[in-house]
Amino acid sequence: MSDLNSRPAELPALLRALPEEAAPPYGYQEFERRARERARRSRGLAGGERLAAACVLGVGLLAVLVRLGVPAGAANPTTPGAPALVRAAPGPEDETLPPHAGLAERWLASLPEEPAIVHVGTRAAVLGLEDRIAQIDDLLSTARDNGDAAARLATLRQERARLVGTLVQVRYAEALADGSL
Amino acid sequence: MSRLATITVCPEVLARACHGEGAARQALYAQLAPATLNLIRRMVGQRALAEDLFQDTMMIFYERLGQYRHEAPIGAWLRQIAVSRCLMYLRSPWKRARLCLEPVDGGVAAEVAALVTPGYAGELIDLERALASLAPTARAIVWMYEVEGYSHQEIALAFGRSVSFSKSQLSRAHVRLRLLLEPEVQPPSCLI
């Protein structure tokens with residue numbers, strides 16, 4: 001439960017008394033030099049971004065062409081009046097598999113058999129939950145002081161219980177991951 | 001101790017700086033930069049990161065100086081830019097991911113080492129250590145409220161959260177600071 005009376009009276013004065021930077025980290029000339037360098041780098045980055053976007057577009061276009069297959073008209077352009085080319089009879093493989101099937105099979109074969117397991121920390125989740133619980137506690141205090149309806153208090157209590165339950169689950173998962181259970 | 005929002009600048013120098021005069025901009029830099037760096041350093045903790053954000057802040061400040069309308073003191077205007085940059089950093093997914101990955105004690109210890117001003121002795125070091133052990137958001141809120149004079153409404157607006165969020169974060173930070181700053185009381189030993 002939050003305690004708003006817990007504010008140490010001398011804290012603001014102590015905080016203001018903390019040592020301050022006496023000088024800038026570097027002079028104005030150095031600041032300007034860094035600003036120019038950063039501007040140049042960002043311009044370079046913008047050029048790189050354009051190049052990357054063009055590459056992505058090109059790869060996308062290629063992928064679409066591969067997916068749809070090269071149009072017969074494009075591969076064998078027919079001119080008006082010219083005799084139509086007779087396409088060779090397709091073999092058994094051609095009938096069952098699209099042209100890019102080999103590529104897709106190779107890609108599938110290159111995938112790992114087991115899905116990758118990624119371990120992530122729980123600190124942000126725990127902090128977020130604790131913040132939310134503290135916020136609900138505050139709302140509960142305010143609601144009680146204001147004499148709000150019982151239904152609102154019950155909703156807040158329910159939400160708090162749900163959050164505490166989630167926090168317990170995260171802690172339990174942490175303990176399981178640590179092997180301390 | 002000079003706070004950024006309270007710094008006053010000679011109107012003539014300010015007007016010349018707004019028109020892009022180099023010498024005036026240099027004078028403005030000398031006057032405003034230390035307090036700006038101090039504010040950023042207190043909000044984000046790490047010195048190297050603070051210098052990076054300081055550079056960003058000052059670049060934006062000079063870029064927008066021509067648009068300054070003299071509605072607020074120049075220090076307060078710059079403070080707004082600096083706080084905005086710091087909060088952008090604190091809210092960034094990269095920063096959150098870093099918080100998830102770094103070990104709890106190791107991260108705090110590194111930030112404590114980075115925040116404590118070298119060569120400064122006394123109880124203020126304890127306060128610096130206690131301050132550095134707070135979560136980044138809580139530390140920023142403590143600094144904004146207690147030192148920079150932001151109200152809970154302004155903090156809530158800056159963080160895009162509710163007023164309750166600001167109050168509860170501040171309250172919890174106070175409790176933690178008090179625990180860290182109070183001398184430990186040893187429990188009475190029991191002889192059998």
# chains A, B, ... in the order shown; residues from 1 in each chain; ligands from 1
>>> interface_residues(of="chain A", to="chain B", cutoff="9 Å", atoms="only C-alpha atoms", output="VMD selection string")
chain A and resid 2 to 8 11 to 25 27 to 29 31 to 32 34 to 35 120 to 125 127 131 to 132 134 to 139
>>> write_last_selection(atoms="N, CA and C atoms", output="short mmCIF file (atom, residue, chain, number, x, y, z; two decimals), in the first residue's frame")
data_model
loop_
_atom_site.label_atom_id
_atom_site.label_comp_id
_atom_site.auth_asym_id
_atom_site.auth_seq_id
_atom_site.Cartn_x
_atom_site.Cartn_y
_atom_site.Cartn_z
N SER A 2 0.55 2.19 -0.82
CA SER A 2 1.40 3.36 -0.88
C SER A 2 1.16 4.23 0.35
N ASP A 3 2.22 4.88 0.78
CA ASP A 3 2.13 5.73 1.96
C ASP A 3 2.64 7.10 1.57
N LEU A 4 1.70 8.01 1.35
CA LEU A 4 2.12 9.32 0.86
C LEU A 4 2.75 10.17 1.96
N ASN A 5 2.58 9.73 3.23
CA ASN A 5 3.20 10.49 4.31
C ASN A 5 4.64 10.08 4.55
N SER A 6 5.13 9.17 3.71
CA SER A 6 6.46 8.66 3.97
C SER A 6 7.55 9.55 3.36
N ARG A 7 7.18 10.67 2.81
CA ARG A 7 8.15 11.52 2.14
C ARG A 7 9.11 12.12 3.17
N PRO A 8 10.39 11.84 3.06
CA PRO A 8 11.33 12.43 4.00
C PRO A 8 11.35 13.95 3.80
N LEU A 11 14.39 15.49 2.08
CA LEU A 11 14.85 14.92 0.81
C LEU A 11 15.05 15.96 -0.30
N PRO A 12 14.08 16.85 -0.54
CA PRO A 12 14.32 17.83 -1.62
C PRO A 12 15.59 18.64 -1.41
N ALA A 13 15.82 19.05 -0.13
CA ALA A 13 17.02 19.85 0.14
C ALA A 13 18.27 19.04 -0.11
N LEU A 14 18.24 17.78 0.31
CA LEU A 14 19.41 16.92 0.10
C LEU A 14 19.66 16.69 -1.39
N LEU A 15 18.57 16.49 -2.12
CA LEU A 15 18.72 16.25 -3.57
C LEU A 15 19.29 17.49 -4.26
N ARG A 16 18.82 18.66 -3.83
CA ARG A 16 19.33 19.88 -4.45
C ARG A 16 20.78 20.13 -4.07
N ALA A 17 21.19 19.55 -2.94
CA ALA A 17 22.57 19.76 -2.51
C ALA A 17 23.54 18.79 -3.18
N LEU A 18 23.02 17.88 -3.97
CA LEU A 18 23.92 16.94 -4.65
C LEU A 18 24.85 17.70 -5.59
N PRO A 19 26.07 17.21 -5.73
CA PRO A 19 27.02 17.95 -6.57
C PRO A 19 26.54 18.06 -8.01
N GLU A 20 26.79 19.21 -8.59
CA GLU A 20 26.32 19.49 -9.94
C GLU A 20 27.51 19.58 -10.89
N GLU A 21 27.21 19.41 -12.16
CA GLU A 21 28.26 19.58 -13.16
C GLU A 21 28.73 21.04 -13.14
N ALA A 22 30.02 21.22 -13.03
CA ALA A 22 30.53 22.59 -12.96
C ALA A 22 30.79 23.15 -14.36
N ALA A 23 31.01 22.27 -15.31
CA ALA A 23 31.36 22.73 -16.66
C ALA A 23 30.70 21.80 -17.67
N PRO A 24 30.50 22.28 -18.88
CA PRO A 24 29.97 21.38 -19.91
C PRO A 24 30.95 20.25 -20.18
N PRO A 25 30.47 19.13 -20.70
CA PRO A 25 31.38 18.00 -20.92
C PRO A 25 32.45 18.31 -21.95
N GLY A 27 33.70 21.68 -24.96
CA GLY A 27 33.47 23.06 -25.37
C GLY A 27 32.53 23.19 -26.55
N TYR A 28 32.23 24.44 -26.89
CA TYR A 28 31.27 24.70 -27.97
C TYR A 28 31.81 24.22 -29.32
N GLN A 29 33.13 24.39 -29.52
CA GLN A 29 33.71 23.95 -30.81
C GLN A 29 33.55 22.44 -30.97
N PHE A 31 31.35 20.64 -29.51
CA PHE A 31 29.92 20.37 -29.69
C PHE A 31 29.54 20.52 -31.17
N GLU A 32 30.03 21.60 -31.77
CA GLU A 32 29.70 21.84 -33.19
C GLU A 32 30.29 20.75 -34.07
N ARG A 34 30.92 17.66 -33.24
CA ARG A 34 30.11 16.45 -33.07
C ARG A 34 28.77 16.57 -33.79
N ALA A 35 28.20 17.77 -33.74
CA ALA A 35 26.91 17.98 -34.41
C ALA A 35 27.07 17.78 -35.92
N VAL A 120 14.26 -15.08 -21.57
CA VAL A 120 14.22 -13.63 -21.34
C VAL A 120 14.03 -13.37 -19.85
N GLY A 121 14.54 -12.24 -19.42
CA GLY A 121 14.42 -11.88 -18.01
C GLY A 121 12.98 -11.50 -17.67
N THR A 122 12.67 -11.56 -16.39
CA THR A 122 11.30 -11.26 -15.96
C THR A 122 11.23 -9.91 -15.27
N ARG A 123 12.36 -9.19 -15.25
CA ARG A 123 12.39 -7.98 -14.43
C ARG A 123 11.37 -6.93 -14.90
N ALA A 124 11.30 -6.75 -16.23
CA ALA A 124 10.38 -5.72 -16.73
C ALA A 124 8.94 -6.10 -16.43
N ALA A 125 8.64 -7.39 -16.58
CA ALA A 125 7.27 -7.84 -16.30
C ALA A 125 6.94 -7.62 -14.83
N LEU A 127 8.36 -5.53 -12.71
CA LEU A 127 8.28 -4.09 -12.43
C LEU A 127 6.93 -3.52 -12.88
N ASP A 131 4.17 -1.94 -10.46
CA ASP A 131 3.69 -0.57 -10.69
C ASP A 131 2.16 -0.53 -10.75
N ARG A 132 1.64 -1.50 -11.48
CA ARG A 132 0.19 -1.52 -11.68
C ARG A 132 -0.51 -1.78 -10.34
N ALA A 134 0.62 -1.02 -7.39
CA ALA A 134 0.72 0.20 -6.58
C ALA A 134 -0.32 1.23 -7.05
N GLN A 135 -0.50 1.27 -8.35
CA GLN A 135 -1.49 2.21 -8.91
C GLN A 135 -2.91 1.85 -8.44
N ILE A 136 -3.21 0.55 -8.47
CA ILE A 136 -4.53 0.09 -8.02
C ILE A 136 -4.70 0.41 -6.53
N ASP A 137 -3.61 0.22 -5.75
CA ASP A 137 -3.68 0.54 -4.32
C ASP A 137 -4.03 2.00 -4.12
N ASP A 138 -3.42 2.84 -4.91
CA ASP A 138 -3.69 4.28 -4.83
C ASP A 138 -5.16 4.57 -5.15
N LEU A 139 -5.61 3.93 -6.24
CA LEU A 139 -7.01 4.14 -6.64
C LEU A 139 -7.96 3.66 -5.55
#
>>> atom_distance(atom1="atom CA of B:Ile74", atom2="atom CA of B:Gly20")
15.5 Å
>>> residues_around(residues="B:Arg85", least_positions_apart="3", cutoff="8 Å", atoms="only C-alpha atoms", output="list in words")
Leu53, Asp56, Thr57, Ile81, Ala82, Met88 and Tyr89 of chain B
>>> atom_distance(atom1="atom CA of B:Pro73", atom2="atom CA of B:Phe61")
13.5 Å
>>> select_by_dssp(residues="stretch 90-178 of chain A", states="alpha helix (DSSP H)", output="ChimeraX atom specification")
/A:92-96,101-110,123-146,150-178
